[in-house]
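Undergrad: First, the structure itself, so that you have it in front of you.
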Amino acid sequence: MRNVSRIHGWMRDTNRLRRYGLFSSLFSRTKKVPVQVKSKPQDSTTTTPKASLDSLKGMATNAIPGVKKVILVSSGKGGVGKSMVATNLALALSKNKRVGLLDADIYGPSIPKMLNLERQEPELVDEYIVNGEVKKRRIPLLKPLKNYGIKALSIGNLIEEDSATIWRGPLLQKALHQLLFQVQWADSSSPLDYLVVDMPPGTGDVQLTIAQRVSVAGALIVTTPQQLALIDVKRAMDMYKKMNIPILGVVENMSYFICDSCDKKHYPFVIAGAQSEIERLGESFLTSLPINPLMGQCADEGKPFLILEDEPGVQEFHHLAHVISSKV
């Protein structure tokens, strides 16, 4: 009975994705467009991973329709608060700009929960107007959901809430391509100033796909003070350098807490652990975020932490948004 229930759940997700045009193109045959890349014949000692990375350099020139600039929020390791940073950065940027938030973590989407968009499905837009005449689109576009003034889209809004996304690389890449390029990000003639992309942790298929297909303004990397997190930050930085994506800087989350009794900062981990290491590597350290229980509480309740205004950490997000907008 358990296996039958799993099959039924998979079929429900498949039918829902077909309704949005995802599976219809994911399983269809696509015409491959050859990419002309000048290269020397490789000898037998050349490894496939290095050849793949080398071929990505300088190829990401595609702009997303309706989007001016793309900002990646990334991390080398999971569990460092990356999605929380991405959500509140998007809200801080939206104070005077048009901002969207794309959940690119296909296997573990968090944005529907953090923006209170669970159990909501995006609409399909299949018409457009030219000189007052209504015409049908050949490929319908997804219309992003919206809350707190931010347009948002996630695979979590296209499948059942508790369903696992069990996809291999090619399927994931095509789904991600559609979530990026077949979406109505712009309102009429007003494009988004920034599309903040909440990346999955690590250095995998999603990172390579975006580097190959999207023109990216820069990547923000989130870490915690511990050495175990910083080890993976170095790997993430190395990946972005190899793919010619600018590193905007590093944010240290869960850096300190402010004591209710003495009103002083206390550092449960290493003091300035990330800052000293990042500066040693020649990259920009942007800010430290405190441990504040309300950050987790707000995320669980589907509210951005930034709406609390006077809490420790809020001004750091506004400072971060100012620095990021000046860099891109």
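Letters A, B, ... go to the chains of the structure tokens in the order shown; residues in each chain start at 1; ligands are counted from 1 in the same order.
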Using only C-alpha atoms, which protein or nucleic acid residues come within 12 Å of Gln227 of chain A? Drop anything in the same chain fewer than 2 positions from it, and give the result as a PDB file with N, CA and C atoms, in the first residue's frame.
TA:
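The resulting file, part.pdb, is reproduced below:
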ATOM      1  N   GLY A  76      28.396  27.433   0.476  1.00  0.00           N
ATOM      2  CA  GLY A  76      29.099  26.189   0.233  1.00  0.00           C
ATOM      3  C   GLY A  76      28.454  25.028   0.963  1.00  0.00           C
ATOM      4  N   LYS A  77      27.825  25.315   2.084  1.00  0.00           N
ATOM      5  CA  LYS A  77      27.247  24.273   2.940  1.00  0.00           C
ATOM      6  C   LYS A  77      25.804  24.631   3.278  1.00  0.00           C
ATOM      7  N   THR A 223      27.803  32.352   4.998  1.00  0.00           N
ATOM      8  CA  THR A 223      28.521  31.353   5.791  1.00  0.00           C
ATOM      9  C   THR A 223      28.215  31.556   7.275  1.00  0.00           C
ATOM     10  N   THR A 224      28.718  30.672   8.093  1.00  0.00           N
ATOM     11  CA  THR A 224      28.728  30.838   9.546  1.00  0.00           C
ATOM     12  C   THR A 224      30.197  30.877   9.986  1.00  0.00           C
ATOM     13  N   PRO A 225      30.487  31.219  11.245  1.00  0.00           N
ATOM     14  CA  PRO A 225      31.884  31.441  11.644  1.00  0.00           C
ATOM     15  C   PRO A 225      32.755  30.195  11.696  1.00  0.00           C
ATOM     16  N   ALA A 229      32.305  25.399   7.871  1.00  0.00           N
ATOM     17  CA  ALA A 229      31.545  26.158   6.878  1.00  0.00           C
ATOM     18  C   ALA A 229      32.474  26.918   5.951  1.00  0.00           C
ATOM     19  N   LEU A 230      33.557  27.459   6.501  1.00  0.00           N
ATOM     20  CA  LEU A 230      34.484  28.255   5.696  1.00  0.00           C
ATOM     21  C   LEU A 230      35.232  27.414   4.668  1.00  0.00           C
ATOM     22  N   ILE A 231      35.461  26.153   4.982  1.00  0.00           N
ATOM     23  CA  ILE A 231      36.108  25.255   4.014  1.00  0.00           C
ATOM     24  C   ILE A 231      35.285  25.185   2.734  1.00  0.00           C
ATOM     25  N   ASP A 232      33.957  25.047   2.892  1.00  0.00           N
ATOM     26  CA  ASP A 232      33.093  24.956   1.723  1.00  0.00           C
ATOM     27  C   ASP A 232      32.882  26.308   1.062  1.00  0.00           C
ATOM     28  N   VAL A 233      33.008  27.397   1.819  1.00  0.00           N
ATOM     29  CA  VAL A 233      32.953  28.730   1.226  1.00  0.00           C
ATOM     30  C   VAL A 233      34.091  28.908   0.231  1.00  0.00           C
ATOM     31  N   LYS A 234      35.265  28.440   0.586  1.00  0.00           N
ATOM     32  CA  LYS A 234      36.416  28.549  -0.330  1.00  0.00           C
ATOM     33  C   LYS A 234      36.149  27.790  -1.615  1.00  0.00           C
ATOM     34  N   PHE A 269      30.827  31.309  18.804  1.00  0.00           N
ATOM     35  CA  PHE A 269      31.793  30.600  17.965  1.00  0.00           C
ATOM     36  C   PHE A 269      33.096  31.402  17.929  1.00  0.00           C
ATOM     37  N   VAL A 270      33.751  31.456  16.815  1.00  0.00           N
ATOM     38  CA  VAL A 270      35.009  32.192  16.689  1.00  0.00           C
ATOM     39  C   VAL A 270      34.707  33.668  16.428  1.00  0.00           C
ATOM     40  N   ILE A 271      35.366  34.562  17.144  1.00  0.00           N
ATOM     41  CA  ILE A 271      35.171  35.994  16.921  1.00  0.00           C
ATOM     42  C   ILE A 271      35.762  36.377  15.570  1.00  0.00           C
ATOM     43  N   ALA A 272      34.909  36.956  14.709  1.00  0.00           N
ATOM     44  CA  ALA A 272      35.333  37.391  13.367  1.00  0.00           C
ATOM     45  C   ALA A 272      35.990  36.254  12.606  1.00  0.00           C
ATOM     46  N   GLY A 273      35.476  35.040  12.799  1.00  0.00           N
ATOM     47  CA  GLY A 273      36.074  33.873  12.145  1.00  0.00           C
ATOM     48  C   GLY A 273      36.045  33.965  10.637  1.00  0.00           C
ATOM     49  N   ALA A 274      34.913  34.372  10.078  1.00  0.00           N
ATOM     50  CA  ALA A 274      34.808  34.486   8.627  1.00  0.00           C
ATOM     51  C   ALA A 274      35.530  35.719   8.105  1.00  0.00           C
ATOM     52  N   GLN A 275      35.408  36.827   8.824  1.00  0.00           N
ATOM     53  CA  GLN A 275      35.966  38.078   8.331  1.00  0.00           C
ATOM     54  C   GLN A 275      37.470  37.986   8.092  1.00  0.00           C
ATOM     55  N   SER A 276      38.199  37.462   9.062  1.00  0.00           N
ATOM     56  CA  SER A 276      39.655  37.390   8.913  1.00  0.00           C
ATOM     57  C   SER A 276      40.050  36.480   7.752  1.00  0.00           C
ATOM     58  N   GLU A 277      39.332  35.366   7.589  1.00  0.00           N
ATOM     59  CA  GLU A 277      39.675  34.419   6.520  1.00  0.00           C
ATOM     60  C   GLU A 277      39.319  34.980   5.154  1.00  0.00           C
ATOM     61  N   ILE A 278      38.169  35.620   5.035  1.00  0.00           N
ATOM     62  CA  ILE A 278      37.738  36.180   3.748  1.00  0.00           C
ATOM     63  C   ILE A 278      38.665  37.309   3.320  1.00  0.00           C
TER      64      ILE A 278
END
Undergrad: Extract, using only C-alpha atoms, all DNA, RNA and protein residues at most 10 Å from segment 109-126 of chain A, discarding same-chain residues fewer than 6 positions from it, and format them as number ranges by chain.
TA: A: 16, 19-21, 83-84, 86-88, 101-103, 135-148, 150, 152-161, 165, 183-184, 198-200, 296, 298-305
Undergrad: Go through A:Tyr107, A:Lys265, A:Ser75, A:Val85 one by one, measure the shortest atom-to-atom distance of each to Met295 of chain A using only C-alpha atoms, and give the residue with the smallest value.
TA: A:Val85
Undergrad: Quick one: everything within 12 Å of Val216 of chain A, counting only C-alpha atoms, minus sequence neighbours fewer than 6 positions away in the same chain. Send it as an MDAnalysis selection string.
TA: chainID A and resid 58:64 67:73 194:197 207 209:210 240 243:248 328
Undergrad: Any chance you can output those residues with C-alpha atoms as a compact mmCIF listing (two decimals), in the first residue's frame?
TA:
# COMPACT_ATOMS: atom_id res chain seq x y z
CA GLY A 58 32.50 33.51 -21.14
CA MET A 59 29.44 31.64 -22.46
CA ALA A 60 26.79 33.02 -20.06
CA THR A 61 25.51 36.03 -22.02
CA ASN A 62 21.74 35.36 -21.97
CA ALA A 63 19.59 37.97 -20.26
CA ILE A 64 16.38 36.79 -18.60
CA VAL A 67 15.00 41.20 -15.66
CA LYS A 68 17.80 43.77 -15.58
CA LYS A 69 20.24 42.15 -13.13
CA VAL A 70 20.55 38.70 -11.54
CA ILE A 71 22.03 38.30 -8.05
CA LEU A 72 22.85 34.82 -6.75
CA VAL A 73 22.68 34.10 -3.01
CA TYR A 194 16.88 42.69 -9.54
CA LEU A 195 16.11 38.99 -9.58
CA VAL A 196 17.52 37.44 -6.40
CA VAL A 197 18.15 33.72 -6.87
CA GLN A 207 25.24 26.33 -10.38
CA THR A 209 23.37 25.46 -15.49
CA ILE A 210 22.97 29.08 -14.40
CA TYR A 240 32.48 31.19 -9.20
CA MET A 243 32.98 30.40 -14.12
CA ASN A 244 33.78 34.14 -14.33
CA ILE A 245 30.92 35.15 -12.02
CA PRO A 246 31.84 38.17 -9.85
CA ILE A 247 31.86 37.52 -6.10
CA LEU A 248 30.04 40.41 -4.44
CA VAL A 328 26.05 45.61 -9.32
Undergrad: Could you tell me how far atom CA of Leu220 of chain A lies from atom CA of Ile324 of chain A, in Å and to one decimal?
TA: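 Atom-to-atom, atom CA of Leu220 of chain A to atom CA of Ile324 of chain A, that is 8.5 Å.
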Undergrad: From the set A:Lys82, A:Arg98, A:Lys327, A:His322, which residue has the shortest atom-to-atom contact distance to Gly202 of chain A, counting only C-alpha atoms?
TA: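 That would be A:Lys82, the residue with the smallest distance to Gly202 of chain A.
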Undergrad: Using DSSP assignments from the backbone, pull out every residue in segment 45-247 of chain A that falls under alpha helix (DSSP H) and give it to me as an NGL selection string.
TA: :A and (48-56 or 82-93 or 111-114 or 169-181 or 205-213 or 227-242)
Undergrad: Which residue, A:Leu289, A:Leu281, A:Leu228, A:Val99, has the smallest gap to Ile258 of chain A when you use only C-alpha atoms?
TA: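 The closest residue to Ile258 of chain A is A:Leu289.
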